[in-house]
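Source file work20.txt; content: compact mmCIF, C-alpha atoms.
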```txt
# COMPACT_ATOMS: atom_id res chain seq x y z
CA MET A 1 10.80 22.89 15.99
CA SER A 2 10.06 24.86 19.09
CA ALA A 3 7.90 24.58 22.16
CA ARG A 4 4.11 24.92 21.96
CA TYR A 5 1.96 27.20 24.05
CA ILE A 6 -1.55 26.22 25.10
CA SER A 7 -4.27 28.08 26.98
CA ASP A 8 -6.08 25.04 28.41
CA LEU A 9 -5.32 21.41 29.17
CA ASP A 10 -7.92 19.84 26.85
CA THR A 11 -5.27 18.46 24.48
CA ILE A 12 -3.30 16.67 27.22
CA TYR A 13 -4.23 13.00 27.49
CA ASN A 14 -3.48 10.70 30.38
CA ASN A 15 -2.32 7.89 28.11
CA SER A 16 0.75 9.83 27.02
CA LYS A 17 4.24 9.70 28.48
CA THR A 18 4.10 13.23 29.82
CA LEU A 19 6.29 14.85 32.43
CA VAL A 20 4.82 17.77 34.38
CA ILE A 21 7.16 20.50 35.61
CA THR A 22 6.15 23.24 38.01
CA GLY A 23 7.91 25.72 40.26
CA CYS A 24 8.41 25.44 43.98
CA SER A 25 6.31 27.55 46.30
CA LYS A 26 7.28 30.14 48.84
CA SER A 27 4.91 28.61 51.38
CA LYS A 28 6.19 25.39 52.83
CA ALA A 29 5.25 22.93 55.54
CA GLU A 30 6.57 23.73 58.98
CA THR A 31 9.08 20.94 59.54
CA ASP A 32 12.56 20.44 60.94
CA ILE A 33 13.10 17.15 59.16
CA PRO A 34 13.56 16.46 55.44
CA ILE A 35 10.36 15.40 53.67
CA PRO A 36 9.40 14.71 50.04
CA ALA A 37 9.09 17.87 47.94
CA ARG A 38 5.44 17.02 47.19
CA GLU A 39 4.72 17.36 50.93
CA LEU A 40 7.02 20.33 51.58
CA TYR A 41 5.50 22.80 49.13
CA THR A 42 2.11 24.07 50.27
CA GLY A 43 1.37 26.92 47.86
CA GLN A 44 -2.02 26.90 46.16
CA LEU A 45 -0.64 26.59 42.61
CA PHE A 46 1.69 23.77 43.62
CA LYS A 47 -1.20 21.89 45.24
CA PHE A 48 -3.34 22.22 42.10
CA VAL A 49 -0.54 21.14 39.77
CA LYS A 50 0.28 18.19 42.06
CA ARG A 51 -3.37 17.11 42.03
CA TYR A 52 -3.51 17.39 38.24
CA ALA A 53 -0.30 15.37 37.78
CA ASP A 54 -1.48 12.72 40.25
CA GLU A 55 -4.90 12.39 38.64
CA MET A 56 -3.39 12.17 35.16
CA ASN A 57 -0.77 9.70 36.44
CA PHE A 58 2.06 11.93 35.21
CA PRO A 59 5.38 12.21 37.07
CA LEU A 60 5.82 15.63 38.67
CA TYR A 61 9.12 17.46 38.81
CA VAL A 62 9.76 20.75 40.56
CA ILE A 63 12.11 23.58 39.76
CA SER A 64 13.39 24.40 43.22
CA ALA A 65 15.14 27.72 43.81
CA LYS A 66 17.60 25.86 46.05
CA TYR A 67 17.87 22.35 44.60
CA GLY A 68 17.31 22.86 40.85
CA LEU A 69 15.11 20.33 39.05
CA ILE A 70 13.97 17.55 41.38
CA SER A 71 11.35 14.85 41.44
CA SER A 72 8.39 15.63 43.67
CA GLU A 73 9.36 12.42 45.48
CA THR A 74 12.84 13.73 46.38
CA THR A 75 13.31 14.23 50.11
CA ILE A 76 14.57 17.74 50.84
CA GLU A 77 14.99 20.13 53.74
CA ARG A 78 12.88 23.24 54.23
CA TYR A 79 14.50 26.39 52.87
CA ASP A 80 13.67 30.06 52.28
CA LYS A 81 15.30 30.75 48.90
CA VAL A 82 13.04 32.00 46.07
CA LEU A 83 13.52 32.62 42.37
CA ARG A 84 13.03 36.38 42.34
CA ASN A 85 14.10 37.50 38.87
CA ALA A 86 15.72 36.69 35.53
CA VAL A 87 19.21 36.78 37.05
CA ASP A 88 18.25 34.12 39.62
CA ALA A 89 16.69 32.04 36.83
CA GLU A 90 19.83 32.30 34.69
CA LEU A 91 22.02 31.21 37.60
CA LEU A 92 19.81 28.16 38.19
CA ARG A 93 19.38 27.29 34.47
CA PRO A 94 22.53 25.13 34.00
CA GLN A 95 21.62 22.94 36.98
CA VAL A 96 18.03 22.53 35.74
CA GLU A 97 19.19 21.71 32.20
CA MET A 98 21.70 19.14 33.43
CA GLU A 99 19.05 17.24 35.41
CA LEU A 100 16.44 17.51 32.69
CA LYS A 101 18.76 16.10 30.03
CA LYS A 102 19.06 12.93 32.13
CA ILE A 103 15.32 12.21 32.15
CA LEU A 104 14.06 13.86 28.96
CA PRO A 105 14.46 10.74 26.75
CA GLU A 106 11.89 8.90 28.91
CA PHE A 107 9.06 11.25 27.89
CA ASP A 108 7.10 12.11 24.76
CA SER A 109 6.12 15.51 26.11
CA VAL A 110 6.90 17.94 28.92
CA LEU A 111 4.03 20.03 30.28
CA VAL A 112 5.24 23.15 32.07
CA ILE A 113 2.87 24.86 34.49
CA ALA A 114 5.04 27.45 36.18
CA GLY A 115 5.63 31.16 36.56
CA GLU A 116 7.81 33.21 34.27
CA ASN A 117 11.09 32.95 36.19
CA TYR A 118 10.77 29.17 36.42
CA ARG A 119 10.00 28.93 32.70
CA ARG A 120 13.14 30.93 31.98
CA THR A 121 15.29 28.11 33.33
CA LEU A 122 13.92 25.88 30.56
CA MET A 123 13.98 28.15 27.52
CA ARG A 124 17.34 27.09 26.11
CA ILE A 125 16.49 23.39 26.30
CA ALA A 126 12.82 23.61 25.32
CA ASP A 127 12.12 21.89 22.02
CA ASP A 128 9.03 20.45 20.34
CA LYS A 129 8.46 18.10 23.31
CA PHE A 130 7.69 21.09 25.52
CA ILE A 131 4.19 22.42 26.08
CA PHE A 132 3.90 25.60 28.13
CA LEU A 133 0.61 26.55 29.71
CA LYS A 134 0.10 30.24 28.89
CA THR A 135 -0.46 32.05 32.10
CA LYS A 136 -2.17 35.33 32.81
CA GLY A 137 -1.41 35.08 36.49
CA ILE A 138 -2.06 32.53 39.19
CA GLY A 139 -5.84 33.04 39.19
CA TYR A 140 -6.09 32.16 35.50
CA THR A 141 -3.83 29.13 35.93
CA LEU A 142 -5.91 27.83 38.84
CA HIS A 143 -9.05 28.33 36.72
CA VAL A 144 -7.53 26.25 33.88
CA LEU A 145 -6.56 23.49 36.31
CA LYS A 146 -10.06 23.48 37.85
CA ASN A 147 -11.57 23.18 34.37
CA ALA A 148 -9.25 20.26 33.65
CA TYR A 149 -10.61 18.47 36.73
CA GLN A 150 -14.22 19.07 35.65
CA ASN A 151 -13.68 18.16 31.99
CA THR A 152 -11.84 14.94 32.67
CA ASN A 153 -13.84 13.82 35.72
CA LEU A 154 -10.76 14.02 37.90
```
Show this structure as structure tokens.
Amino acid sequence: MSARYISDLDTIYNNSKTLVITGCSKSKAETDIPIPARELYTGQLFKFVKRYADEMNFPLYVISAKYGLISSETTIERYDKVLRNAVDAELLRPQVEMELKKILPEFDSVLVIAGENYRRTLMRIADDKFIFLKTKGIGYTLHVLKNAYQNTNL
């Protein structure tokens, strides 16, 4: 089987063993000391995905252009690297796959809310556990996340 694509989050339930994966953000907290990834990334999409994962009580992992796949709790240093294109995604893919294989057995499903280049790092490993939120740009994705808050009383 292969990954599923959804256009809203209505079929995601907070009683499932779901892992949420998102991409890092270009905007980051101004800091000279290492801090948890969940505090470092300050982009609007990241904030919305973090809120959704927190409210649903799902662990959040981040595809970092510098560090690969990391827990949002992982303490990291500020950096300026971004995933610009398919070549960057392909270079990062083996590192992401290696980390994901370690944790994948713990979860029934993997919800991916990330841009195209970040999704590319997952395509060779994505199986029927994977659920990708179809995106039509950041505005649409934020709208879907806002609806999820309203529909689930988050």
Neighbour list for Leu19 of chain A as a list in words, cut-off 10 Å, only C-alpha atoms, skip fewer than 3 positions in-chain: Ser16, Ala53, Asn57, Phe58, Pro59, Leu60, Tyr61, Ile103, Leu104, Glu106, Phe107, Asp108, Ser109, Val110, Leu111, Val112, Lys129 and Phe130 of chain A
Nearest to Val20 of chain A by atom-to-atom distance, counting all atoms listed in the file, from A:Ala114, A:Met123, A:Val144, A:Val82: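 Result for the nearest residue to Val20 of chain A: A:Ala114.
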Pairwise distance for atom CA of Asn147 of chain A and atom CA of Asp8 of chain A, rounded to one decimal in Å: 8.3 Å
Using only C-alpha atoms: which of A:Lys26, A:Arg4, A:Arg120, A:His143 has the shortest distance to Phe48 of chain A: A:His143
Atomic distance atom CA of Ile138 of chain A - atom CA of Val62 of chain A, expressed in Å with one decimal: 16.7 Å
Among listed residues A:Ile6, A:Ile125, A:Ile76, A:Leu83, nearest Cys24 of chain A (using only C-alpha atoms): A:Leu83
Pick from A:Asp127, A:Gln95, A:Ser72, A:Pro105 nearest to Ser2 of chain A, counting all atoms listed in the file: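 Checking each of A:Asp127, A:Gln95, A:Ser72, A:Pro105 against Ser2 of chain A, counting all atoms listed in the file, the winner is A:Asp127.
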Coordinates-based distance that separates atom CA of Asn85 of chain A from atom CA of Leu133 of chain A (Å, one decimal): 19.6 Å
From A:Leu40, A:Ala65, A:Leu45, A:Ile33, residue lying nearest Asn117 of chain A [all atoms listed in the file]: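 Selected residue with least distance to Asn117 of chain A: A:Ala65.
Shown here are all protein and nucleic acid residues lying within 9 Å of (16.2, 26.9, 35.2), with all atoms listed in the file considered: Ile63, Ser64, Ala65, Gly68, Leu69, Asp88, Ala89, Glu90, Leu91, Leu92, Arg93, Pro94, Gln95, Val96, Glu97, Asn117, Tyr118, Arg119, Arg120, Thr121, Leu122 and Met123 of chain A.
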Residues within 10 Å of Pro36 of chain A, only C-alpha atoms, excluding chain neighbours under 3 positions, as a VMD selection string: chain A and resid 39 to 41 71 to 77
Per-axis box centre and lengths in Å around segment 72-90 of chain A, 8 Å margin per side, axis-aligned, as JSON:
```
{"center_x": 14.1, "center_y": 25.0, "center_z": 44.5, "size_x": 27.4, "size_y": 41.1, "size_z": 35.5}
```
Given all atoms listed in the file as the counted atoms, nearest of A:Ala148, A:Ile70, A:Met56, A:Arg124 to Gly23 of chain A: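 Nearest to Gly23 of chain A: A:Ile70.
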Can you take the partial segment 72-83 of chain A, add all heavy atoms, and return it as a CSV table (one decimal), in the coordinates of the input?
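File result.csv, as written:
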```csv
chain,number,residue,atom,x,y,z
A,72,SER,N,9.2,15.3,42.5
A,72,SER,CA,8.4,15.6,43.7
A,72,SER,C,8.5,14.6,44.8
A,72,SER,O,8.1,14.9,45.9
A,72,SER,CB,6.9,15.8,43.3
A,72,SER,OG,6.4,14.5,42.8
A,73,GLU,N,9.1,13.5,44.5
A,73,GLU,CA,9.4,12.4,45.5
A,73,GLU,C,10.7,12.6,46.2
A,73,GLU,O,10.9,11.9,47.2
A,73,GLU,CB,9.3,11.0,44.8
A,73,GLU,CG,8.1,10.7,44.0
A,73,GLU,CD,6.8,10.7,44.9
A,73,GLU,OE1,6.9,10.4,46.1
A,73,GLU,OE2,5.8,11.1,44.3
A,74,THR,N,11.5,13.5,45.8
A,74,THR,CA,12.8,13.7,46.4
A,74,THR,C,12.7,14.3,47.8
A,74,THR,O,11.9,15.3,48.0
A,74,THR,CB,13.7,14.7,45.5
A,74,THR,OG1,13.8,14.1,44.2
A,74,THR,CG2,15.1,14.9,46.1
A,75,THR,N,13.4,13.7,48.7
A,75,THR,CA,13.3,14.2,50.1
A,75,THR,C,14.3,15.4,50.2
A,75,THR,O,15.5,15.3,49.9
A,75,THR,CB,13.7,13.1,51.1
A,75,THR,OG1,12.7,12.0,50.9
A,75,THR,CG2,13.7,13.6,52.5
A,76,ILE,N,13.8,16.5,50.7
A,76,ILE,CA,14.6,17.7,50.8
A,76,ILE,C,14.3,18.4,52.2
A,76,ILE,O,13.3,18.2,52.8
A,76,ILE,CB,14.3,18.7,49.7
A,76,ILE,CG1,12.8,19.1,49.6
A,76,ILE,CG2,14.8,18.1,48.4
A,76,ILE,CD1,12.5,20.2,48.5
A,77,GLU,N,15.2,19.3,52.5
A,77,GLU,CA,15.0,20.1,53.7
A,77,GLU,C,14.3,21.4,53.4
A,77,GLU,O,14.3,21.9,52.3
A,77,GLU,CB,16.3,20.5,54.4
A,77,GLU,CG,17.1,19.3,54.9
A,77,GLU,CD,18.5,19.6,55.5
A,77,GLU,OE1,18.9,20.8,55.3
A,77,GLU,OE2,19.1,18.8,56.1
A,78,ARG,N,13.6,22.0,54.4
A,78,ARG,CA,12.9,23.2,54.2
A,78,ARG,C,13.9,24.3,54.0
A,78,ARG,O,15.0,24.3,54.5
A,78,ARG,CB,12.1,23.5,55.5
A,78,ARG,CG,11.2,24.7,55.4
A,78,ARG,CD,10.4,24.8,56.7
A,78,ARG,NE,9.2,25.6,56.6
A,78,ARG,CZ,9.2,27.0,56.4
A,78,ARG,NH1,10.4,27.6,56.4
A,78,ARG,NH2,8.1,27.6,56.2
A,79,TYR,N,13.6,25.3,53.2
A,79,TYR,CA,14.5,26.4,52.9
A,79,TYR,C,13.7,27.6,52.6
A,79,TYR,O,12.5,27.6,52.4
A,79,TYR,CB,15.4,26.0,51.7
A,79,TYR,CG,14.7,25.8,50.4
A,79,TYR,CD1,14.5,26.8,49.5
A,79,TYR,CD2,14.1,24.6,50.1
A,79,TYR,CE1,13.7,26.6,48.3
A,79,TYR,CE2,13.4,24.3,48.9
A,79,TYR,CZ,13.2,25.4,48.0
A,79,TYR,OH,12.5,25.2,46.9
A,80,ASP,N,14.4,28.8,52.5
A,80,ASP,CA,13.7,30.1,52.3
A,80,ASP,C,14.1,30.8,51.0
A,80,ASP,O,13.6,31.9,50.7
A,80,ASP,CB,13.9,31.0,53.5
A,80,ASP,CG,13.2,30.5,54.7
A,80,ASP,OD1,12.1,30.0,54.6
A,80,ASP,OD2,13.8,30.7,55.8
A,81,LYS,N,14.8,30.1,50.2
A,81,LYS,CA,15.3,30.8,48.9
A,81,LYS,C,14.1,30.8,47.9
A,81,LYS,O,13.4,29.8,47.8
A,81,LYS,CB,16.5,30.0,48.3
A,81,LYS,CG,17.1,30.6,47.2
A,81,LYS,CD,18.4,29.8,46.8
A,81,LYS,CE,19.1,30.6,45.7
A,81,LYS,NZ,20.3,29.9,45.3
A,82,VAL,N,14.1,31.9,47.1
A,82,VAL,CA,13.0,32.0,46.1
A,82,VAL,C,13.7,32.5,44.8
A,82,VAL,O,14.8,33.1,44.8
A,82,VAL,CB,11.9,33.0,46.5
A,82,VAL,CG1,11.1,32.4,47.6
A,82,VAL,CG2,12.4,34.3,46.8
A,83,LEU,N,13.1,32.2,43.7
A,83,LEU,CA,13.5,32.6,42.4
A,83,LEU,C,12.9,34.0,42.1
A,83,LEU,O,11.7,34.1,41.7
A,83,LEU,CB,13.1,31.6,41.3
A,83,LEU,CG,14.0,31.3,40.1
A,83,LEU,CD1,15.4,30.9,40.6
A,83,LEU,CD2,13.4,30.3,39.2
```
